[in-house]
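For reference, final12.pdb (PDB, C-alpha atoms):
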MODEL        1
ATOM      1  CA  MET A1316      15.978  19.713  -3.170
ATOM      2  CA  THR A1317      14.199  17.255  -5.449
ATOM      3  CA  ALA A1318      15.473  13.912  -6.735
ATOM      4  CA  THR A1319      13.615  12.326  -9.643
ATOM      5  CA  ASN A1320      13.546   8.832 -11.089
ATOM      6  CA  SER A1321      11.244   8.031 -13.982
ATOM      7  CA  LEU A1322       8.305   7.085 -11.748
ATOM      8  CA  VAL A1323       9.202   8.373  -8.269
ATOM      9  CA  GLN A1324       9.988  11.940  -7.255
ATOM     10  CA  THR A1325      11.488  12.754  -3.855
ATOM     11  CA  THR A1326      11.496  16.251  -2.379
ATOM     12  CA  ILE A1327      13.851  16.682   0.572
ATOM     13  CA  LEU A1328      12.425  18.795   3.414
ATOM     14  CA  GLU A1329      13.657  19.930   6.821
ATOM     15  CA  SER A1330      17.350  19.398   5.981
ATOM     16  CA  GLY A1331      16.733  15.779   5.051
ATOM     17  CA  ALA A1332      14.517  14.817   7.978
ATOM     18  CA  ILE A1333      11.432  14.428   5.742
ATOM     19  CA  TRP A1334      11.125  12.909   2.285
ATOM     20  CA  ARG A1335       8.026  13.920   0.368
ATOM     21  CA  VAL A1336       7.642  11.126  -2.176
ATOM     22  CA  THR A1337       5.315  11.374  -5.181
ATOM     23  CA  PHE A1338       4.910   8.225  -7.268
ATOM     24  CA  GLY A1339       3.307   7.235 -10.528
ATOM     25  CA  ALA A1340       2.950   8.423 -14.070
ATOM     26  CA  SER A1341      -0.187   6.770 -15.423
ATOM     27  CA  LYS A1342      -3.668   8.211 -14.891
ATOM     28  CA  GLY A1343      -4.316   6.014 -11.867
ATOM     29  CA  ASN A1344      -0.714   5.460 -10.706
ATOM     30  CA  VAL A1345      -1.036   1.733 -11.366
ATOM     31  CA  LEU A1346       1.434  -0.266  -9.298
ATOM     32  CA  ASP A1347       3.099  -2.198 -12.098
ATOM     33  CA  ALA A1348       6.458  -3.958 -11.851
ATOM     34  CA  ALA A1349       8.470  -0.893 -12.846
ATOM     35  CA  LEU A1350       6.851   1.384 -10.269
ATOM     36  CA  VAL A1351       7.027  -1.253  -7.541
ATOM     37  CA  ALA A1352      10.752  -1.715  -8.246
ATOM     38  CA  GLU A1353      11.415   2.025  -7.921
ATOM     39  CA  LEU A1354       9.449   2.268  -4.676
ATOM     40  CA  THR A1355      11.314  -0.746  -3.293
ATOM     41  CA  ALA A1356      14.645   0.869  -4.170
ATOM     42  CA  LEU A1357      13.526   4.096  -2.495
ATOM     43  CA  PHE A1358      12.749   2.357   0.802
ATOM     44  CA  ARG A1359      16.024   0.433   0.688
ATOM     45  CA  LYS A1360      17.793   3.754   0.250
ATOM     46  CA  ALA A1361      15.775   5.222   3.121
ATOM     47  CA  ALA A1362      17.009   2.467   5.427
ATOM     48  CA  LEU A1363      20.570   3.779   4.975
ATOM     49  CA  ASP A1364      19.882   7.500   5.539
ATOM     50  CA  ARG A1365      20.650   8.207   9.183
ATOM     51  CA  HIS A1366      19.110  11.713   9.080
ATOM     52  CA  LEU A1367      15.715  10.644   7.741
ATOM     53  CA  LYS A1368      12.800  10.709  10.195
ATOM     54  CA  ALA A1369       9.665  10.382   8.042
ATOM     55  CA  ILE A1370       8.471   9.631   4.521
ATOM     56  CA  VAL A1371       5.228  11.203   3.314
ATOM     57  CA  LEU A1372       3.912   9.258   0.330
ATOM     58  CA  GLU A1373       1.401  10.474  -2.262
ATOM     59  CA  GLY A1374       0.241   9.532  -5.730
ATOM     60  CA  GLN A1375       0.765  11.893  -8.638
ATOM     61  CA  GLY A1376      -2.254  13.839  -9.784
ATOM     62  CA  ARG A1377      -5.865  13.231  -8.738
ATOM     63  CA  HIS A1378      -5.528   9.704  -7.344
ATOM     64  CA  PHE A1379      -3.409   7.749  -4.899
ATOM     65  CA  SER A1380      -3.522   4.512  -6.907
ATOM     66  CA  PHE A1381      -5.994   2.344  -8.784
ATOM     67  CA  GLY A1382      -4.010  -0.663  -7.518
ATOM     68  CA  ALA A1383      -1.706  -3.288  -8.937
ATOM     69  CA  SER A1384      -1.599  -3.987 -12.663
ATOM     70  CA  VAL A1385      -4.365  -6.429 -13.624
ATOM     71  CA  GLU A1386      -2.400  -7.462 -16.719
ATOM     72  CA  GLU A1387       0.461  -8.559 -14.468
ATOM     73  CA  HIS A1388      -1.947 -10.787 -12.515
ATOM     74  CA  LEU A1389      -2.315 -13.054 -15.552
ATOM     75  CA  PRO A1390      -0.672 -16.510 -15.293
ATOM     76  CA  GLU A1391       2.420 -15.645 -17.352
ATOM     77  CA  HIS A1392       3.298 -12.678 -15.117
ATOM     78  CA  VAL A1393       1.721 -13.300 -11.720
ATOM     79  CA  ASN A1394       4.648 -15.080 -10.056
ATOM     80  CA  GLY A1395       7.084 -12.212 -10.573
ATOM     81  CA  MET A1396       4.435  -9.572  -9.924
ATOM     82  CA  LEU A1397       3.357 -11.000  -6.592
ATOM     83  CA  HIS A1398       6.884 -11.663  -5.350
ATOM     84  CA  GLY A1399       7.994  -8.141  -6.292
ATOM     85  CA  PHE A1400       4.959  -6.523  -4.684
ATOM     86  CA  HIS A1401       5.481  -8.409  -1.443
ATOM     87  CA  ASN A1402       9.162  -7.451  -1.445
ATOM     88  CA  LEU A1403       8.065  -3.806  -1.470
ATOM     89  CA  PHE A1404       6.416  -4.317   1.921
ATOM     90  CA  ARG A1405       9.477  -6.093   3.259
ATOM     91  CA  ALA A1406      11.514  -3.045   2.210
ATOM     92  CA  ILE A1407       9.032  -0.644   3.832
ATOM     93  CA  PHE A1408       9.124  -2.531   7.122
ATOM     94  CA  ASP A1409      12.895  -3.081   7.023
ATOM     95  CA  SER A1410      13.504   0.657   6.555
ATOM     96  CA  SER A1411      12.148   1.364  10.071
ATOM     97  CA  VAL A1412      11.101   4.851   8.957
ATOM     98  CA  LEU A1413       7.823   6.476   9.996
ATOM     99  CA  THR A1414       5.704   6.491   6.828
ATOM    100  CA  ILE A1415       2.510   8.451   6.160
ATOM    101  CA  ALA A1416       0.186   8.015   3.169
ATOM    102  CA  VAL A1417      -1.618  11.019   1.692
ATOM    103  CA  VAL A1418      -4.721   9.846  -0.161
ATOM    104  CA  ARG A1419      -6.630  11.715  -2.837
ATOM    105  CA  GLY A1420      -9.188  10.193  -5.173
ATOM    106  CA  ALA A1421      -9.067   6.438  -5.640
ATOM    107  CA  CYS A1422      -7.043   4.272  -3.264
ATOM    108  CA  LEU A1423      -7.925   0.754  -4.327
ATOM    109  CA  GLY A1424      -6.554  -2.775  -4.222
ATOM    110  CA  GLY A1425      -2.772  -2.705  -4.076
ATOM    111  CA  GLY A1426      -2.986   1.052  -3.566
ATOM    112  CA  LEU A1427      -4.887   0.601  -0.320
ATOM    113  CA  GLU A1428      -2.459  -2.146   0.686
ATOM    114  CA  LEU A1429       0.402   0.315   0.179
ATOM    115  CA  ALA A1430      -1.374   2.990   2.231
ATOM    116  CA  THR A1431      -2.253   0.496   4.971
ATOM    117  CA  GLY A1432       1.403  -0.483   5.220
ATOM    118  CA  CYS A1433       2.133   3.082   6.343
ATOM    119  CA  HIS A1434       1.902   4.172   9.973
ATOM    120  CA  ARG A1435      -0.725   6.837   9.315
ATOM    121  CA  ILE A1436      -3.143   7.758   6.516
ATOM    122  CA  TYR A1437      -4.545  11.234   5.843
ATOM    123  CA  ALA A1438      -7.213  11.498   3.148
ATOM    124  CA  MET A1439      -9.505  13.948   1.420
ATOM    125  CA  PRO A1440     -13.170  13.623   2.432
ATOM    126  CA  ASP A1441     -14.121  12.549  -1.111
ATOM    127  CA  ALA A1442     -11.448   9.849  -1.350
ATOM    128  CA  ASN A1443     -12.543   6.302  -2.199
ATOM    129  CA  LEU A1444     -10.833   3.383  -0.472
ATOM    130  CA  GLY A1445     -11.435  -0.313  -1.020
ATOM    131  CA  GLN A1446     -10.166  -3.818  -1.728
ATOM    132  CA  PRO A1447     -12.059  -4.897  -4.875
ATOM    133  CA  GLU A1448      -9.969  -8.024  -5.573
ATOM    134  CA  ILE A1449     -12.836 -10.417  -4.817
ATOM    135  CA  SER A1450     -14.780  -8.864  -7.720
ATOM    136  CA  LEU A1451     -11.992 -10.093 -10.000
ATOM    137  CA  GLY A1452     -12.090 -13.607  -8.562
ATOM    138  CA  VAL A1453      -8.893 -13.234  -6.528
ATOM    139  CA  PHE A1454      -7.937 -12.121  -3.001
ATOM    140  CA  ALA A1455      -5.552  -9.567  -1.498
ATOM    141  CA  PRO A1456      -2.679 -11.279   0.383
ATOM    142  CA  VAL A1457      -1.161  -8.155   1.926
ATOM    143  CA  ALA A1458      -4.518  -6.669   2.930
ATOM    144  CA  SER A1459      -5.548  -9.980   4.473
ATOM    145  CA  ILE A1460      -2.752  -9.422   7.001
ATOM    146  CA  LEU A1461      -2.663  -5.626   7.334
ATOM    147  CA  LEU A1462      -6.342  -4.677   7.406
ATOM    148  CA  PRO A1463      -7.260  -6.644  10.569
ATOM    149  CA  GLU A1464      -4.340  -4.914  12.321
ATOM    150  CA  ARG A1465      -5.683  -1.492  11.361
ATOM    151  CA  VAL A1466      -9.478  -1.780  11.539
ATOM    152  CA  GLY A1467     -10.182  -5.066  13.360
ATOM    153  CA  ARG A1468     -11.239  -8.382  11.899
ATOM    154  CA  ALA A1469     -14.937  -7.608  11.343
ATOM    155  CA  HIS A1470     -14.340  -4.437   9.316
ATOM    156  CA  ALA A1471     -11.421  -6.050   7.484
ATOM    157  CA  GLU A1472     -13.464  -9.073   6.467
ATOM    158  CA  ASP A1473     -16.304  -6.827   5.281
ATOM    159  CA  LEU A1474     -13.918  -4.986   2.945
ATOM    160  CA  LEU A1475     -12.099  -8.114   1.783
ATOM    161  CA  LEU A1476     -15.206 -10.233   1.166
ATOM    162  CA  SER A1477     -17.600  -7.609  -0.212
ATOM    163  CA  GLY A1478     -15.139  -5.644  -2.317
ATOM    164  CA  ARG A1479     -17.038  -2.475  -1.465
ATOM    165  CA  THR A1480     -15.522   1.004  -1.473
ATOM    166  CA  LEU A1481     -15.631   3.460   1.430
ATOM    167  CA  GLY A1482     -15.727   7.239   1.269
ATOM    168  CA  GLY A1483     -13.536   9.319   3.537
ATOM    169  CA  GLU A1484     -16.037   9.719   6.383
ATOM    170  CA  ALA A1485     -16.800   5.984   6.521
ATOM    171  CA  ALA A1486     -13.097   5.174   6.400
ATOM    172  CA  LEU A1487     -12.455   7.558   9.293
ATOM    173  CA  ARG A1488     -15.244   5.994  11.384
ATOM    174  CA  ILE A1489     -13.704   2.527  11.239
ATOM    175  CA  GLY A1490     -10.133   3.752  11.711
ATOM    176  CA  LEU A1491      -8.964   3.021   8.179
ATOM    177  CA  VAL A1492      -7.729   6.608   7.915
ATOM    178  CA  ASP A1493      -6.407   8.799  10.719
ATOM    179  CA  GLY A1494      -7.653  12.162   9.528
ATOM    180  CA  LEU A1495      -9.583  13.959   6.780
ATOM    181  CA  ALA A1496      -8.596  17.278   5.251
ATOM    182  CA  GLU A1497      -9.048  19.179   2.003
ATOM    183  CA  ASP A1498      -5.241  19.360   1.964
ATOM    184  CA  PRO A1499      -4.120  16.029   3.460
ATOM    185  CA  MET A1500      -0.473  16.667   2.550
ATOM    186  CA  ALA A1501      -0.441  19.763   4.758
ATOM    187  CA  GLU A1502      -2.049  17.712   7.542
ATOM    188  CA  ALA A1503       0.567  14.973   7.222
ATOM    189  CA  LEU A1504       3.483  17.408   7.220
ATOM    190  CA  GLU A1505       2.039  19.241  10.224
ATOM    191  CA  TYR A1506       1.868  15.940  12.121
ATOM    192  CA  VAL A1507       5.521  15.197  11.394
ATOM    193  CA  ARG A1508       6.695  18.698  12.232
ATOM    194  CA  ASP A1509       4.654  18.960  15.432
ATOM    195  CA  ARG A1510       5.157  15.457  16.831
ATOM    196  CA  ILE A1511       8.173  13.811  15.210
ATOM    197  CA  LEU A1512      10.911  16.257  14.197
ATOM    198  CA  ALA A1513      12.047  17.005  17.738
ATOM    199  CA  HIS A1514      13.118  13.389  18.238
ATOM    200  CA  SER A1515      16.396  11.682  17.382
ATOM    201  CA  ALA A1516      16.339   9.971  13.983
ATOM    202  CA  SER A1517      18.340   7.101  15.455
ATOM    203  CA  SER A1518      15.991   6.640  18.397
ATOM    204  CA  LEU A1519      12.963   6.858  16.105
ATOM    205  CA  ARG A1520      14.302   3.897  14.119
ATOM    206  CA  PHE A1521      14.526   1.846  17.301
ATOM    207  CA  ALA A1522      11.025   2.927  18.331
ATOM    208  CA  VAL A1523       9.532   2.069  14.926
ATOM    209  CA  ARG A1524      11.145  -1.387  15.012
ATOM    210  CA  ALA A1525      10.076  -2.005  18.594
ATOM    211  CA  ALA A1526       6.446  -1.056  17.935
ATOM    212  CA  ARG A1527       6.165  -3.371  14.916
ATOM    213  CA  GLU A1528       8.705  -6.116  15.570
ATOM    214  CA  GLY A1529       6.272  -8.881  16.513
ATOM    215  CA  PHE A1530       3.861  -7.894  13.759
ATOM    216  CA  ILE A1531       6.614  -7.850  11.115
ATOM    217  CA  ASP A1532       7.772 -11.330  12.124
ATOM    218  CA  ARG A1533       4.208 -12.556  11.692
ATOM    219  CA  PHE A1534       3.773 -10.673   8.417
ATOM    220  CA  ASN A1535       6.846 -12.308   6.921
ATOM    221  CA  GLN A1536       5.588 -15.765   7.843
ATOM    222  CA  GLU A1537       2.017 -15.192   6.704
ATOM    223  CA  ILE A1538       2.820 -13.418   3.440
ATOM    224  CA  ALA A1539       5.009 -16.328   2.333
ATOM    225  CA  ARG A1540       2.159 -18.755   3.049
ATOM    226  CA  LEU A1541      -0.470 -16.605   1.298
ATOM    227  CA  GLU A1542       1.792 -16.081  -1.699
ATOM    228  CA  ARG A1543       2.094 -19.856  -2.135
ATOM    229  CA  GLN A1544      -1.673 -20.258  -1.727
ATOM    230  CA  TYR A1545      -2.303 -17.556  -4.347
ATOM    231  CA  LEU A1546       0.134 -18.983  -6.891
ATOM    232  CA  ASP A1547      -0.240 -22.709  -6.308
ATOM    233  CA  THR A1548      -3.989 -22.953  -5.651
ATOM    234  CA  LEU A1549      -6.000 -19.832  -6.497
ATOM    235  CA  MET A1550      -4.420 -19.218  -9.907
ATOM    236  CA  ARG A1551      -5.242 -22.770 -10.978
ATOM    237  CA  THR A1552      -8.971 -22.158 -10.607
ATOM    238  CA  LYS A1553     -11.209 -21.261 -13.537
ATOM    239  CA  ASP A1554     -12.846 -18.355 -11.755
ATOM    240  CA  ALA A1555      -9.630 -16.505 -10.895
ATOM    241  CA  ASN A1556      -8.648 -16.495 -14.555
ATOM    242  CA  GLU A1557     -12.209 -15.695 -15.671
ATOM    243  CA  GLY A1558     -12.427 -12.715 -13.330
ATOM    244  CA  LEU A1559      -9.151 -11.220 -14.543
ATOM    245  CA  GLN A1560      -9.989 -11.767 -18.210
ATOM    246  CA  ALA A1561     -13.476 -10.300 -17.749
ATOM    247  CA  PHE A1562     -11.991  -7.150 -16.222
ATOM    248  CA  LEU A1563      -9.549  -6.712 -19.094
ATOM    249  CA  GLU A1564     -12.321  -7.361 -21.628
ATOM    250  CA  LYS A1565     -14.638  -4.910 -19.836
ATOM    251  CA  ARG A1566     -17.442  -7.430 -19.299
ATOM    252  CA  LYS A1567     -19.151  -9.128 -16.389
ATOM    253  CA  PRO A1568     -17.498 -12.358 -15.265
ATOM    254  CA  VAL A1569     -19.332 -15.626 -15.719
ATOM    255  CA  TRP A1570     -18.518 -17.696 -12.647
ATOM    256  CA  SER A1571     -18.308 -21.478 -12.781
ATOM    257  CA  ASN A1572     -17.694 -21.674  -9.013
ATOM    258  CA  SER A1573     -14.596 -23.739  -9.672
TER     259      SER A1573
ENDMDL
END

How does this structure look as structure tokens?
Amino acid sequence: MTATNSLVQTTILESGAIWRVTFGASKGNVLDAALVAELTALFRKAALDRHLKAIVLEGQGRHFSFGASVEEHLPEHVNGMLHGFHNLFRAIFDSSVLTIAVVRGACLGGGLELATGCHRIYAMPDANLGQPEISLGVFAPVASILLPERVGRAHAEDLLLSGRTLGGEAALRIGLVDGLAEDPMAEALEYVRDRILAHSASSLRFAVRAAREGFIDRFNQEIARLERQYLDTLMRTKDANEGLQAFLEKRKPVWSNS
């Protein structure tokens, strides 16, 4: 059975124990406000489904996601964009459902933040993963919290401060992804069927909450602080606005270091 909204398609597997969720409509599945709202609604719905054991999340087409909408980072939109994007992660964590990201092609910026918010990531060997926000003169609030949890502080800071992109093999070496496969969806579904389906959906919810409870408390505190820093300080600098405008105008930024 398949349920479809305009930007999110859910295929129900294993009598409702698994949701295979495909998101996006644009070429790079850009995480704009409309898509983020539909994903947030999906995870809020998942929290209420007592039979659900796992969500397997993939982008439509060749890519996972190019990231959040750069246009919505501009001053007139950034407040609502950032608050809505951070609410998506609150909904993911509040659902207490095992979540696996399936990555093909580009998984960048907000796309990598979304994947990193999942419990596991399976990727194609030729996938490209990175946090390029610094190249636009901004930083990644969610990744600043999630990446050190997944890959350790040194690797996280390298990605956050350099903006560089990793291929699948490099991502696997540092623990950014959990497995590589030419068909990562099949790998993800095999993991759920082999290791998860035999367990009680109710008990799995308790186990997911228990494993992440302390981290989620810290995430909620830190994301509120970083959101204020982003909106109240970063977005008042010349270089943050220059970097975003340069990207939209397809030119190199001219930094004033202020």

task = Enter the distance from atom CA of A:Gly1445 to atom CA of A:Thr1431, in Å, rounded to one decimal.
result = 11.0 Å

request  = Rank nothing, just name the residue among A:Ala1561, A:Ala1352, A:Ala1421, A:Val1336 nearest to A:Asn1402, using all atoms listed in the file.
outcome  =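 Smallest distance to A:Asn1402 is found for A:Ala1352.
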
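When all atoms listed in the file are used to measure the gap to A:Val1351, the shortest distance among A:Arg1543, A:His1378, A:Arg1419, A:His1401 belongs to A:His1401.
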
ask   = If the PyMOL selection byres ((chain A and resi 1328) around 12) is run on the structure shown, which residues does it catch, given as a ChimeraX atom specification?
value = /A:1316-1318,1325-1327,1329-1336,1366-1371,1504,1507-1508,1512

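When only C-alpha atoms are used to compute distances to A:Val1412, the closest of the residues A:Ala1486, A:Arg1520, A:Asp1347, A:Leu1462 turns out to be A:Arg1520.
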
request  = Would you kindly return, as a PyMOL selection string, each protein, DNA or RNA residue with an atom no farther than 10 Å from any atom of A:Ile1531, considering all atoms listed in the file and excluding same-chain residues fewer than 3 positions away?
outcome  = chain A and resi 1404-1405+1408-1409+1524+1526-1528+1534-1537

request  = Check which residues satisfy the PyMOL selection byres ((chain A and resi 1556) around 12) in the file shown, then give them as a PyMOL selection string.
outcome  = chain A and resi 1385-1386+1388-1391+1393+1450-1453+1546+1548-1555+1557-1563+1568-1573

Selection: 12 Å around A:Leu1354, only C-alpha atoms, excl. self and same-chain fewer than 4 positions, as a PDB file with C-alpha atoms, in the frame of the given file:
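Contents of selection.pdb, as written:
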ATOM      1  CA  THR A1319      13.615  12.326  -9.643  1.00  0.00           C
ATOM      2  CA  ASN A1320      13.546   8.832 -11.089  1.00  0.00           C
ATOM      3  CA  SER A1321      11.244   8.031 -13.982  1.00  0.00           C
ATOM      4  CA  LEU A1322       8.305   7.085 -11.748  1.00  0.00           C
ATOM      5  CA  VAL A1323       9.202   8.373  -8.269  1.00  0.00           C
ATOM      6  CA  GLN A1324       9.988  11.940  -7.255  1.00  0.00           C
ATOM      7  CA  THR A1325      11.488  12.754  -3.855  1.00  0.00           C
ATOM      8  CA  VAL A1336       7.642  11.126  -2.176  1.00  0.00           C
ATOM      9  CA  THR A1337       5.315  11.374  -5.181  1.00  0.00           C
ATOM     10  CA  PHE A1338       4.910   8.225  -7.268  1.00  0.00           C
ATOM     11  CA  GLY A1339       3.307   7.235 -10.528  1.00  0.00           C
ATOM     12  CA  LEU A1346       1.434  -0.266  -9.298  1.00  0.00           C
ATOM     13  CA  ASP A1347       3.099  -2.198 -12.098  1.00  0.00           C
ATOM     14  CA  ALA A1348       6.458  -3.958 -11.851  1.00  0.00           C
ATOM     15  CA  ALA A1349       8.470  -0.893 -12.846  1.00  0.00           C
ATOM     16  CA  LEU A1350       6.851   1.384 -10.269  1.00  0.00           C
ATOM     17  CA  PHE A1358      12.749   2.357   0.802  1.00  0.00           C
ATOM     18  CA  ARG A1359      16.024   0.433   0.688  1.00  0.00           C
ATOM     19  CA  LYS A1360      17.793   3.754   0.250  1.00  0.00           C
ATOM     20  CA  ALA A1361      15.775   5.222   3.121  1.00  0.00           C
ATOM     21  CA  ILE A1370       8.471   9.631   4.521  1.00  0.00           C
ATOM     22  CA  LEU A1372       3.912   9.258   0.330  1.00  0.00           C
ATOM     23  CA  GLU A1373       1.401  10.474  -2.262  1.00  0.00           C
ATOM     24  CA  GLY A1374       0.241   9.532  -5.730  1.00  0.00           C
ATOM     25  CA  GLY A1399       7.994  -8.141  -6.292  1.00  0.00           C
ATOM     26  CA  PHE A1400       4.959  -6.523  -4.684  1.00  0.00           C
ATOM     27  CA  HIS A1401       5.481  -8.409  -1.443  1.00  0.00           C
ATOM     28  CA  ASN A1402       9.162  -7.451  -1.445  1.00  0.00           C
ATOM     29  CA  LEU A1403       8.065  -3.806  -1.470  1.00  0.00           C
ATOM     30  CA  PHE A1404       6.416  -4.317   1.921  1.00  0.00           C
ATOM     31  CA  ARG A1405       9.477  -6.093   3.259  1.00  0.00           C
ATOM     32  CA  ALA A1406      11.514  -3.045   2.210  1.00  0.00           C
ATOM     33  CA  ILE A1407       9.032  -0.644   3.832  1.00  0.00           C
ATOM     34  CA  LEU A1429       0.402   0.315   0.179  1.00  0.00           C
TER      35      LEU A1429
END

ask   = Which is closer to A:Ala1416 than all the others in A:Leu1481, A:Val1492, A:Ala1471, A:Ala1356, using all atoms listed in the file?
value =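 Nearest candidate to A:Ala1416 out of A:Leu1481, A:Val1492, A:Ala1471, A:Ala1356: A:Val1492.
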
task = Name the closest residue to A:Pro1440 among the candidates A:Arg1479, A:Pro1499, A:Gly1426, A:Ser1411; distances are taken between atoms, counting all atoms listed in the file.
result =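 Ranking A:Arg1479, A:Pro1499, A:Gly1426, A:Ser1411 by distance to A:Pro1440, first place goes to A:Pro1499.
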
Given all atoms listed in the file as the counted atoms, nearest of A:Asn1394, A:Ser1380, A:Thr1414, A:Ser1517 to A:Gln1446 =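 Going through A:Asn1394, A:Ser1380, A:Thr1414, A:Ser1517 one by one, the smallest distance to A:Gln1446 is for A:Ser1380.
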
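One finds atom CA of A:Ala1501 at 22.2 Å from atom CA of A:Ala1340.
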
query = Could you state the separation of atom CA of A:Gln1544 and atom CA of A:Glu1464 in Å, given to one decimal place?
reply =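 Result for atom CA of A:Gln1544 versus atom CA of A:Glu1464: 21.0 Å, one decimal.
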
task = Please evaluate the PyMOL selection byres ((chain A and resi 1477) around 9) against the displayed coordinates and give the resulting residues as an MDAnalysis selection string.
result = chainID A and resid 1446:1447 1449:1450 1472:1476 1478:1480

What are the centre and edge lengths in Å, to one decimal, of the axis-aligned box around all listed atoms of stretch 1483-1488 of chain A with 6 Å added on each side, as AutoDock Vina command-line options?
--center_x -14.6 --center_y 7.4 --center_z 7.5 --size_x 16.3 --size_y 16.5 --size_z 19.8
